[in-house]
file my_file08.cif (mmCIF, C-alpha atoms)
data_data
loop_
_atom_site.label_atom_id
_atom_site.label_comp_id
_atom_site.auth_asym_id
_atom_site.auth_seq_id
_atom_site.Cartn_x
_atom_site.Cartn_y
_atom_site.Cartn_z
CA MET A 143 115.90 90.17 5.63
CA TYR A 144 115.75 93.92 5.42
CA LYS A 145 112.86 96.35 5.46
CA GLN A 146 112.16 100.04 5.66
CA ILE A 147 109.67 101.25 8.22
CA ILE A 148 107.76 104.50 8.11
CA VAL A 149 106.09 105.76 11.29
CA ILE A 150 103.36 108.38 10.91
CA ARG A 151 101.11 110.39 13.24
CA THR A 152 97.38 109.78 12.98
CA ASP A 153 96.39 112.74 15.19
CA LEU A 154 96.92 115.47 12.59
CA ASP A 155 93.80 115.11 10.48
CA MET A 156 95.75 114.71 7.25
CA GLY A 157 93.85 113.45 4.22
CA LYS A 158 94.94 110.16 2.63
CA GLY A 159 96.90 111.88 -0.13
CA LYS A 160 98.71 114.24 2.22
CA LEU A 161 99.52 111.31 4.48
CA ALA A 162 100.88 109.25 1.57
CA ALA A 163 103.00 112.18 0.34
CA GLN A 164 104.50 112.62 3.81
CA CYS A 165 105.38 108.92 3.89
CA CYS A 166 107.07 109.32 0.49
CA HIS A 167 109.17 112.21 1.82
CA ALA A 168 110.35 110.09 4.76
CA SER A 169 110.89 106.97 2.66
CA LEU A 170 113.05 108.79 0.16
CA GLY A 171 114.99 110.65 2.86
CA ALA A 172 115.82 107.49 4.80
CA TYR A 173 116.69 105.67 1.57
CA LYS A 174 119.22 108.38 0.63
CA LYS A 175 120.76 108.35 4.08
CA THR A 176 121.07 104.57 4.13
CA LEU A 177 122.51 104.58 0.62
CA ARG A 178 125.25 106.99 1.75
CA GLU A 179 126.06 105.17 4.99
CA HIS A 180 125.30 101.51 4.19
CA PRO A 181 125.05 100.98 0.42
CA GLU A 182 125.40 97.21 0.82
CA ILE A 183 122.21 97.09 2.91
CA VAL A 184 120.27 99.04 0.26
CA LYS A 185 121.49 96.57 -2.37
CA HIS A 186 120.30 93.56 -0.37
CA TRP A 187 116.95 95.20 0.36
CA GLU A 188 116.40 95.99 -3.33
CA MET A 189 117.21 92.41 -4.29
CA GLU A 190 114.71 91.15 -1.72
CA GLY A 191 111.87 93.31 -3.08
CA GLN A 192 112.39 96.46 -0.99
CA GLN A 193 109.77 95.86 1.65
CA LYS A 194 108.22 99.01 3.16
CA VAL A 195 105.89 98.98 6.14
CA VAL A 196 103.88 101.93 7.44
CA LEU A 197 103.22 102.03 11.21
CA LYS A 198 101.26 104.52 13.26
CA VAL A 199 101.55 106.58 16.44
CA THR A 200 98.90 108.87 17.88
CA SER A 201 100.90 111.92 19.00
CA GLY A 202 103.96 114.04 18.32
CA GLU A 203 105.46 112.89 21.63
CA GLN A 204 105.18 109.24 20.58
CA LEU A 205 106.71 110.10 17.22
CA ILE A 206 109.72 111.79 18.83
CA GLU A 207 110.17 108.99 21.36
CA ASN A 208 110.18 106.33 18.62
CA PHE A 209 112.46 108.42 16.42
CA GLN A 210 114.89 108.72 19.32
CA HIS A 211 115.07 104.94 19.73
CA ALA A 212 116.37 104.63 16.17
CA LYS A 213 118.81 107.51 16.67
CA ASP A 214 120.14 105.93 19.87
CA LYS A 215 120.82 102.69 18.00
CA GLY A 216 122.59 104.56 15.20
CA PHE A 217 120.10 103.46 12.53
CA PRO A 218 119.78 105.68 9.42
CA VAL A 219 116.62 107.69 9.99
CA ASP A 220 114.89 110.73 8.52
CA MET A 221 112.23 112.84 10.26
CA ILE A 222 109.84 114.95 8.19
CA ARG A 223 108.80 118.44 9.22
CA ASP A 224 106.01 119.67 6.96
CA ALA A 225 106.31 123.00 5.16
CA GLY A 226 102.68 123.52 6.14
CA ARG A 227 101.37 124.88 2.87
CA THR A 228 98.29 122.67 3.16
CA GLN A 229 96.22 121.10 5.94
CA ILE A 230 98.65 121.45 8.89
CA ASP A 231 100.76 124.13 10.60
CA PRO A 232 104.24 124.94 9.22
CA GLY A 233 107.01 123.04 10.96
CA THR A 234 104.78 120.24 12.27
CA ILE A 235 106.61 116.92 12.52
CA THR A 236 104.53 114.31 10.69
CA CYS A 237 106.51 111.09 10.28
CA PHE A 238 109.91 109.47 10.08
CA ALA A 239 111.40 106.51 8.23
CA VAL A 240 114.20 104.12 9.20
CA GLY A 241 116.41 102.23 6.81
CA PRO A 242 116.21 99.88 5.02
CA TRP A 243 117.63 98.04 8.00
CA LYS A 244 117.73 94.54 9.50
CA GLU A 245 114.19 93.34 10.08
CA GLU A 246 114.82 91.69 13.44
CA GLU A 247 116.52 94.79 14.86
CA LEU A 248 113.64 96.98 13.72
CA ASP A 249 111.08 94.55 15.14
CA GLN A 250 112.78 94.68 18.55
CA ILE A 251 112.08 98.42 18.73
CA TYR A 252 108.95 98.83 16.63
CA GLY A 253 107.30 95.42 16.91
CA GLN A 254 104.61 96.80 19.22
CA LEU A 255 103.49 99.60 16.89
CA LYS A 256 100.37 98.94 14.84
CA LEU A 257 100.15 98.98 11.05
CA LEU A 258 98.55 102.14 9.65
CA MET B 284 109.09 124.61 -10.67
CA TYR B 285 109.31 120.84 -10.50
CA LYS B 286 107.17 118.25 -8.79
CA GLN B 287 106.73 114.53 -8.59
CA ILE B 288 103.26 113.11 -9.07
CA ILE B 289 102.04 109.77 -7.88
CA VAL B 290 98.83 108.34 -9.35
CA ILE B 291 97.08 105.57 -7.42
CA ARG B 292 94.00 103.39 -7.88
CA THR B 293 91.20 103.78 -5.35
CA ASP B 294 89.24 100.72 -6.53
CA LEU B 295 91.44 98.09 -4.88
CA ASP B 296 90.26 98.31 -1.28
CA MET B 297 93.77 98.87 0.05
CA GLY B 298 94.09 100.09 3.63
CA LYS B 299 95.74 103.47 4.25
CA GLY B 300 99.08 101.92 5.18
CA LYS B 301 99.17 99.62 2.16
CA LEU B 302 98.24 102.55 -0.05
CA ALA B 303 100.98 104.74 1.44
CA ALA B 304 103.58 101.97 1.03
CA GLN B 305 102.62 101.54 -2.64
CA CYS B 306 103.05 105.29 -3.17
CA CYS B 307 106.50 105.07 -1.55
CA HIS B 308 107.49 102.28 -3.97
CA ALA B 309 106.47 104.41 -6.96
CA SER B 310 107.99 107.60 -5.59
CA LEU B 311 111.37 105.95 -5.01
CA GLY B 312 111.30 104.16 -8.37
CA ALA B 313 110.56 107.33 -10.34
CA TYR B 314 113.14 109.25 -8.31
CA LYS B 315 115.87 106.73 -9.19
CA LYS B 316 114.93 106.77 -12.84
CA THR B 317 114.91 110.57 -13.01
CA LEU B 318 118.23 110.70 -11.16
CA ARG B 319 119.81 108.44 -13.78
CA GLU B 320 118.31 110.24 -16.79
CA HIS B 321 118.00 113.86 -15.62
CA PRO B 322 120.11 114.45 -12.49
CA GLU B 323 119.90 118.24 -12.94
CA ILE B 324 116.11 118.12 -12.60
CA VAL B 325 116.36 116.12 -9.38
CA LYS B 326 118.80 118.70 -8.01
CA HIS B 327 116.44 121.60 -8.77
CA TRP B 328 113.47 119.75 -7.31
CA GLU B 329 115.36 119.01 -4.09
CA MET B 330 116.37 122.64 -3.76
CA GLU B 331 112.76 123.71 -4.20
CA GLY B 332 111.51 121.41 -1.43
CA GLN B 333 110.81 118.24 -3.44
CA GLN B 334 107.08 118.64 -3.88
CA LYS B 335 105.13 115.37 -4.16
CA VAL B 336 101.46 115.21 -5.05
CA VAL B 337 99.24 112.12 -4.90
CA LEU B 338 96.42 111.89 -7.44
CA LYS B 339 93.76 109.25 -7.88
CA VAL B 340 92.13 107.15 -10.59
CA THR B 341 89.31 104.68 -10.12
CA SER B 342 90.36 101.72 -12.29
CA GLY B 343 93.29 99.80 -13.72
CA GLU B 344 92.34 100.98 -17.23
CA GLN B 345 92.57 104.62 -16.14
CA LEU B 346 95.89 103.91 -14.48
CA ILE B 347 97.35 102.38 -17.64
CA GLU B 348 95.96 105.16 -19.84
CA ASN B 349 97.51 107.86 -17.65
CA PHE B 350 100.78 105.96 -17.38
CA GLN B 351 100.90 105.72 -21.18
CA HIS B 352 100.56 109.51 -21.52
CA ALA B 353 103.77 109.98 -19.54
CA LYS B 354 105.54 107.23 -21.50
CA ASP B 355 104.50 108.82 -24.80
CA LYS B 356 106.00 112.13 -23.69
CA GLY B 357 109.24 110.42 -22.62
CA PHE B 358 108.88 111.44 -18.97
CA PRO B 359 110.68 109.27 -16.38
CA VAL B 360 107.98 107.06 -14.91
CA ASP B 361 107.73 103.96 -12.75
CA MET B 362 104.70 101.66 -12.48
CA ILE B 363 104.23 99.44 -9.44
CA ARG B 364 102.99 95.88 -9.67
CA ASP B 365 102.27 94.55 -6.20
CA ALA B 366 103.81 91.27 -5.03
CA GLY B 367 100.39 90.52 -3.56
CA ARG B 368 101.47 89.14 -0.21
CA THR B 369 98.74 91.17 1.53
CA GLN B 370 95.32 92.56 0.65
CA ILE B 371 95.42 92.28 -3.17
CA ASP B 372 96.17 89.71 -5.87
CA PRO B 373 99.80 89.12 -6.98
CA GLY B 374 100.76 91.15 -10.01
CA THR B 375 98.04 93.79 -9.60
CA ILE B 376 99.13 97.21 -10.86
CA THR B 377 98.49 99.73 -8.09
CA CYS B 378 100.11 103.07 -8.92
CA PHE B 379 102.78 104.90 -10.86
CA ALA B 380 104.92 107.98 -10.27
CA VAL B 381 106.37 110.50 -12.71
CA GLY B 382 109.46 112.57 -12.18
CA PRO B 383 110.26 114.93 -10.59
CA TRP B 384 109.42 116.79 -13.78
CA LYS B 385 108.38 120.26 -14.94
CA GLU B 386 105.18 121.24 -13.16
CA GLU B 387 103.49 122.85 -16.17
CA GLU B 388 104.12 119.83 -18.40
CA LEU B 389 102.70 117.50 -15.76
CA ASP B 390 99.67 119.75 -15.25
CA GLN B 391 98.90 119.64 -18.98
CA ILE B 392 98.46 115.88 -18.75
CA TYR B 393 97.35 115.33 -15.18
CA GLY B 394 95.66 118.61 -14.30
CA GLN B 395 92.21 117.04 -14.47
CA LEU B 396 92.97 114.23 -12.02
CA LYS B 397 91.75 114.75 -8.45
CA LEU B 398 93.93 114.75 -5.34
CA LEU B 399 93.73 111.55 -3.32
#
call {"tool": "encode", "arguments": {"input": "my_file08.cif", "output": "structure tokens"}}
result
Amino acid sequence: MYKQIIVIRTDLDMGKGKLAAQCCHASLGAYKKTLREHPEIVKHWEMEGQQKVVLKVTSGEQLIENFQHAKDKGFPVDMIRDAGRTQIDPGTITCFAVGPWKEEELDQIYGQLKLL
Amino acid sequence: MYKQIIVIRTDLDMGKGKLAAQCCHASLGAYKKTLREHPEIVKHWEMEGQQKVVLKVTSGEQLIENFQHAKDKGFPVDMIRDAGRTQIDPGTITCFAVGPWKEEELDQIYGQLKLL
């Protein structure tokens, strides 16, 4: 089984719509990266119903730390830095997405993070 | 200027994470469709910073009505029907996304909808 995870900060006071749009940026970015590097995984994930799960962290430090775990493992990952036109400062990191990737490998790293 | 819009129901009692995941499904679906049918528009949109905006409606009827407007115009659009494993009934329509597409044409149809 494959899934895509999206990890987002809850400490930035983003409205629900802003938050959802940031998740979409990350989801699409990680999808494109995975499609380039591991097209066969994207195909499997799509056939399985393309599961996406949104998890939360409470600070930029936690976001970076969790992002780094995926980088260290060589998973396809995309971090979003907001242009800052609305609600938050330009250049603020807001979220990242990983994969789609193997569910059990993601759960080993991100299993302790809570659902948004 | 181009943007992608995502229109989501607020009457379904979805949590923030569920809601964001549904938006990601629609965003990715509409992106793929636009890429197949109008790759040059996707290219422009990506160069401009791939703006995504999340709008809201308060019922399934409003969702279908607004979806139909995009279909009638021939815009690339993707409607999401949830598998219903969590929080809502299987087969419930939750949201749709359009484009990326020309901002002024989207605003003519969706300009009156409120941001989520």
call {"tool": "interface_residues", "arguments": {"input": "my_file08.cif", "of": "chain B", "to": "chain A", "cutoff": "7 Å", "atoms": "all atoms listed in the file", "output": "list in words"}}
result
Lys299, Gly300, Ala303, Ala304, Cys306, Cys307, Ser310, Leu311, Lys335, Val336, Val337, Leu398 and Leu399 of chain B
call {"tool": "write_last_selection", "arguments": {"input": "my_file08.cif", "atoms": "C-alpha atoms", "output": "PDB file, keeping the file's coordinate frame"}}
result
ATOM      1  CA  LYS B 299      95.740 103.470   4.250  1.00  0.00           C
ATOM      2  CA  GLY B 300      99.080 101.920   5.180  1.00  0.00           C
ATOM      3  CA  ALA B 303     100.980 104.740   1.440  1.00  0.00           C
ATOM      4  CA  ALA B 304     103.580 101.970   1.030  1.00  0.00           C
ATOM      5  CA  CYS B 306     103.050 105.290  -3.170  1.00  0.00           C
ATOM      6  CA  CYS B 307     106.500 105.070  -1.550  1.00  0.00           C
ATOM      7  CA  SER B 310     107.990 107.600  -5.590  1.00  0.00           C
ATOM      8  CA  LEU B 311     111.370 105.950  -5.010  1.00  0.00           C
ATOM      9  CA  LYS B 335     105.130 115.370  -4.160  1.00  0.00           C
ATOM     10  CA  VAL B 336     101.460 115.210  -5.050  1.00  0.00           C
ATOM     11  CA  VAL B 337      99.240 112.120  -4.900  1.00  0.00           C
ATOM     12  CA  LEU B 398      93.930 114.750  -5.340  1.00  0.00           C
ATOM     13  CA  LEU B 399      93.730 111.550  -3.320  1.00  0.00           C
TER      14      LEU B 399
END
call {"tool": "residues_around", "arguments": {"input": "my_file08.cif", "residues": "Leu389 of chain B", "least_positions_apart": "3", "cutoff": "10 Å", "atoms": "all atoms listed in the file", "output": "JSON, numbers by chain"}}
result
{"B": [285, 286, 287, 288, 353, 358, 381, 382, 383, 384, 385, 386, 392, 393, 394]}
call {"tool": "write_last_selection", "arguments": {"input": "my_file08.cif", "atoms": "C-alpha atoms", "output": "PDB file, keeping the file's coordinate frame"}}
result
ATOM      1  CA  TYR B 285     109.310 120.840 -10.500  1.00  0.00           C
ATOM      2  CA  LYS B 286     107.170 118.250  -8.790  1.00  0.00           C
ATOM      3  CA  GLN B 287     106.730 114.530  -8.590  1.00  0.00           C
ATOM      4  CA  ILE B 288     103.260 113.110  -9.070  1.00  0.00           C
ATOM      5  CA  ALA B 353     103.770 109.980 -19.540  1.00  0.00           C
ATOM      6  CA  PHE B 358     108.880 111.440 -18.970  1.00  0.00           C
ATOM      7  CA  VAL B 381     106.370 110.500 -12.710  1.00  0.00           C
ATOM      8  CA  GLY B 382     109.460 112.570 -12.180  1.00  0.00           C
ATOM      9  CA  PRO B 383     110.260 114.930 -10.590  1.00  0.00           C
ATOM     10  CA  TRP B 384     109.420 116.790 -13.780  1.00  0.00           C
ATOM     11  CA  LYS B 385     108.380 120.260 -14.940  1.00  0.00           C
ATOM     12  CA  GLU B 386     105.180 121.240 -13.160  1.00  0.00           C
ATOM     13  CA  ILE B 392      98.460 115.880 -18.750  1.00  0.00           C
ATOM     14  CA  TYR B 393      97.350 115.330 -15.180  1.00  0.00           C
ATOM     15  CA  GLY B 394      95.660 118.610 -14.300  1.00  0.00           C
TER      16      GLY B 394
END
call {"tool": "closest_residue", "arguments": {"input": "my_file08.cif", "among": "A:Lys213, A:Arg223, A:His186, A:Lys256", "to": "Val149 of chain A", "atoms": "only C-alpha atoms"}}
result
A:Lys256
call {"tool": "resolve_selection", "arguments": {"input": "my_file08.cif", "expression": "the PyMOL selection byres ((chain B and resi 349) around 10)", "output": "PyMOL selection string"}}
result
chain B and resi 290+340+343-348+350-354+379+392-393+396
call {"tool": "atom_distance", "arguments": {"input": "my_file08.cif", "atom1": "atom CA of Ala313 of chain B", "atom2": "atom CA of Lys175 of chain A"}}
result
17.7 Å
call {"tool": "atom_distance", "arguments": {"input": "my_file08.cif", "atom1": "atom CA of Leu318 of chain B", "atom2": "atom CA of Ile183 of chain A"}}
result
20.0 Å
call {"tool": "atom_distance", "arguments": {"input": "my_file08.cif", "atom1": "atom CA of Thr234 of chain A", "atom2": "atom CA of Gln250 of chain A"}}
result
27.5 Å
call {"tool": "build_atoms", "arguments": {"input": "my_file08.cif", "residues": "segment 388-399 of chain B", "atoms": "all heavy atoms", "output": "PDB file, keeping the file's coordinate frame"}}
result
ATOM      1  N   GLU B 388     104.305 120.956 -17.462  1.00  0.00           N
ATOM      2  CA  GLU B 388     104.120 119.830 -18.400  1.00  0.00           C
ATOM      3  C   GLU B 388     103.293 118.713 -17.755  1.00  0.00           C
ATOM      4  O   GLU B 388     102.488 118.063 -18.428  1.00  0.00           O
ATOM      5  CB  GLU B 388     105.474 119.300 -18.871  1.00  0.00           C
ATOM      6  CG  GLU B 388     106.221 120.316 -19.728  1.00  0.00           C
ATOM      7  CD  GLU B 388     107.485 119.743 -20.372  1.00  0.00           C
ATOM      8  OE1 GLU B 388     107.642 118.503 -20.429  1.00  0.00           O
ATOM      9  OE2 GLU B 388     108.323 120.546 -20.827  1.00  0.00           O
ATOM     10  N   LEU B 389     103.501 118.499 -16.466  1.00  0.00           N
ATOM     11  CA  LEU B 389     102.700 117.500 -15.760  1.00  0.00           C
ATOM     12  C   LEU B 389     101.240 117.955 -15.669  1.00  0.00           C
ATOM     13  O   LEU B 389     100.315 117.159 -15.854  1.00  0.00           O
ATOM     14  CB  LEU B 389     103.255 117.258 -14.354  1.00  0.00           C
ATOM     15  CG  LEU B 389     104.589 116.525 -14.290  1.00  0.00           C
ATOM     16  CD1 LEU B 389     105.105 116.483 -12.863  1.00  0.00           C
ATOM     17  CD2 LEU B 389     104.460 115.106 -14.842  1.00  0.00           C
ATOM     18  N   ASP B 390     101.045 119.251 -15.399  1.00  0.00           N
ATOM     19  CA  ASP B 390      99.670 119.750 -15.250  1.00  0.00           C
ATOM     20  C   ASP B 390      98.883 119.649 -16.555  1.00  0.00           C
ATOM     21  O   ASP B 390      97.670 119.461 -16.528  1.00  0.00           O
ATOM     22  CB  ASP B 390      99.686 121.201 -14.745  1.00  0.00           C
ATOM     23  CG  ASP B 390     100.089 121.282 -13.269  1.00  0.00           C
ATOM     24  OD1 ASP B 390     100.088 120.223 -12.608  1.00  0.00           O
ATOM     25  OD2 ASP B 390     100.406 122.381 -12.793  1.00  0.00           O
ATOM     26  N   GLN B 391      99.591 119.789 -17.682  1.00  0.00           N
ATOM     27  CA  GLN B 391      98.900 119.640 -18.980  1.00  0.00           C
ATOM     28  C   GLN B 391      98.282 118.248 -19.115  1.00  0.00           C
ATOM     29  O   GLN B 391      97.219 118.086 -19.692  1.00  0.00           O
ATOM     30  CB  GLN B 391      99.885 119.867 -20.130  1.00  0.00           C
ATOM     31  CG  GLN B 391     100.115 121.344 -20.452  1.00  0.00           C
ATOM     32  CD  GLN B 391     101.233 121.528 -21.474  1.00  0.00           C
ATOM     33  OE1 GLN B 391     101.567 120.596 -22.199  1.00  0.00           O
ATOM     34  NE2 GLN B 391     101.813 122.715 -21.515  1.00  0.00           N
ATOM     35  N   ILE B 392      98.958 117.261 -18.614  1.00  0.00           N
ATOM     36  CA  ILE B 392      98.460 115.880 -18.750  1.00  0.00           C
ATOM     37  C   ILE B 392      97.577 115.471 -17.588  1.00  0.00           C
ATOM     38  O   ILE B 392      96.574 114.792 -17.762  1.00  0.00           O
ATOM     39  CB  ILE B 392      99.639 114.879 -18.831  1.00  0.00           C
ATOM     40  CG1 ILE B 392     100.607 115.276 -19.934  1.00  0.00           C
ATOM     41  CG2 ILE B 392      99.129 113.474 -19.065  1.00  0.00           C
ATOM     42  CD1 ILE B 392     101.741 114.291 -20.098  1.00  0.00           C
ATOM     43  N   TYR B 393      97.997 115.868 -16.379  1.00  0.00           N
ATOM     44  CA  TYR B 393      97.350 115.330 -15.180  1.00  0.00           C
ATOM     45  C   TYR B 393      96.518 116.350 -14.409  1.00  0.00           C
ATOM     46  O   TYR B 393      96.017 116.047 -13.328  1.00  0.00           O
ATOM     47  CB  TYR B 393      98.417 114.698 -14.260  1.00  0.00           C
ATOM     48  CG  TYR B 393      99.125 113.565 -14.946  1.00  0.00           C
ATOM     49  CD1 TYR B 393     100.457 113.675 -15.344  1.00  0.00           C
ATOM     50  CD2 TYR B 393      98.445 112.384 -15.249  1.00  0.00           C
ATOM     51  CE1 TYR B 393     101.099 112.642 -16.016  1.00  0.00           C
ATOM     52  CE2 TYR B 393      99.081 111.348 -15.919  1.00  0.00           C
ATOM     53  CZ  TYR B 393     100.408 111.480 -16.295  1.00  0.00           C
ATOM     54  OH  TYR B 393     101.029 110.460 -16.957  1.00  0.00           O
ATOM     55  N   GLY B 394      96.375 117.531 -14.987  1.00  0.00           N
ATOM     56  CA  GLY B 394      95.660 118.610 -14.300  1.00  0.00           C
ATOM     57  C   GLY B 394      94.217 118.279 -13.966  1.00  0.00           C
ATOM     58  O   GLY B 394      93.640 118.870 -13.043  1.00  0.00           O
ATOM     59  N   GLN B 395      93.624 117.355 -14.718  1.00  0.00           N
ATOM     60  CA  GLN B 395      92.210 117.040 -14.470  1.00  0.00           C
ATOM     61  C   GLN B 395      92.024 115.941 -13.425  1.00  0.00           C
ATOM     62  O   GLN B 395      90.896 115.706 -12.972  1.00  0.00           O
ATOM     63  CB  GLN B 395      91.511 116.680 -15.793  1.00  0.00           C
ATOM     64  CG  GLN B 395      91.628 115.233 -16.240  1.00  0.00           C
ATOM     65  CD  GLN B 395      93.045 114.831 -16.696  1.00  0.00           C
ATOM     66  OE1 GLN B 395      93.993 115.640 -16.646  1.00  0.00           O
ATOM     67  NE2 GLN B 395      93.207 113.587 -17.095  1.00  0.00           N
ATOM     68  N   LEU B 396      93.108 115.285 -13.046  1.00  0.00           N
ATOM     69  CA  LEU B 396      92.970 114.230 -12.020  1.00  0.00           C
ATOM     70  C   LEU B 396      92.800 114.863 -10.628  1.00  0.00           C
ATOM     71  O   LEU B 396      93.400 115.887 -10.319  1.00  0.00           O
ATOM     72  CB  LEU B 396      94.191 113.306 -12.006  1.00  0.00           C
ATOM     73  CG  LEU B 396      94.401 112.421 -13.230  1.00  0.00           C
ATOM     74  CD1 LEU B 396      95.600 111.500 -13.006  1.00  0.00           C
ATOM     75  CD2 LEU B 396      93.153 111.607 -13.560  1.00  0.00           C
ATOM     76  N   LYS B 397      92.004 114.214  -9.797  1.00  0.00           N
ATOM     77  CA  LYS B 397      91.750 114.750  -8.450  1.00  0.00           C
ATOM     78  C   LYS B 397      92.806 114.282  -7.450  1.00  0.00           C
ATOM     79  O   LYS B 397      93.364 113.188  -7.576  1.00  0.00           O
ATOM     80  CB  LYS B 397      90.379 114.267  -7.967  1.00  0.00           C
ATOM     81  CG  LYS B 397      89.253 114.872  -8.782  1.00  0.00           C
ATOM     82  CD  LYS B 397      87.966 114.980  -7.971  1.00  0.00           C
ATOM     83  CE  LYS B 397      86.932 115.783  -8.752  1.00  0.00           C
ATOM     84  NZ  LYS B 397      85.742 114.974  -9.065  1.00  0.00           N
ATOM     85  N   LEU B 398      93.044 115.121  -6.439  1.00  0.00           N
ATOM     86  CA  LEU B 398      93.930 114.750  -5.340  1.00  0.00           C
ATOM     87  C   LEU B 398      93.331 113.567  -4.594  1.00  0.00           C
ATOM     88  O   LEU B 398      92.113 113.497  -4.418  1.00  0.00           O
ATOM     89  CB  LEU B 398      94.069 115.918  -4.356  1.00  0.00           C
ATOM     90  CG  LEU B 398      94.823 117.150  -4.841  1.00  0.00           C
ATOM     91  CD1 LEU B 398      94.654 118.281  -3.829  1.00  0.00           C
ATOM     92  CD2 LEU B 398      96.307 116.843  -5.027  1.00  0.00           C
ATOM     93  N   LEU B 399      94.222 112.669  -4.140  1.00  0.00           N
ATOM     94  CA  LEU B 399      93.730 111.550  -3.320  1.00  0.00           C
ATOM     95  C   LEU B 399      93.179 112.103  -2.015  1.00  0.00           C
ATOM     96  O   LEU B 399      93.801 112.940  -1.398  1.00  0.00           O
ATOM     97  CB  LEU B 399      94.886 110.576  -3.031  1.00  0.00           C
ATOM     98  CG  LEU B 399      94.533 109.416  -2.099  1.00  0.00           C
ATOM     99  CD1 LEU B 399      93.540 108.470  -2.748  1.00  0.00           C
ATOM    100  CD2 LEU B 399      95.801 108.664  -1.687  1.00  0.00           C
TER     101      LEU B 399
END
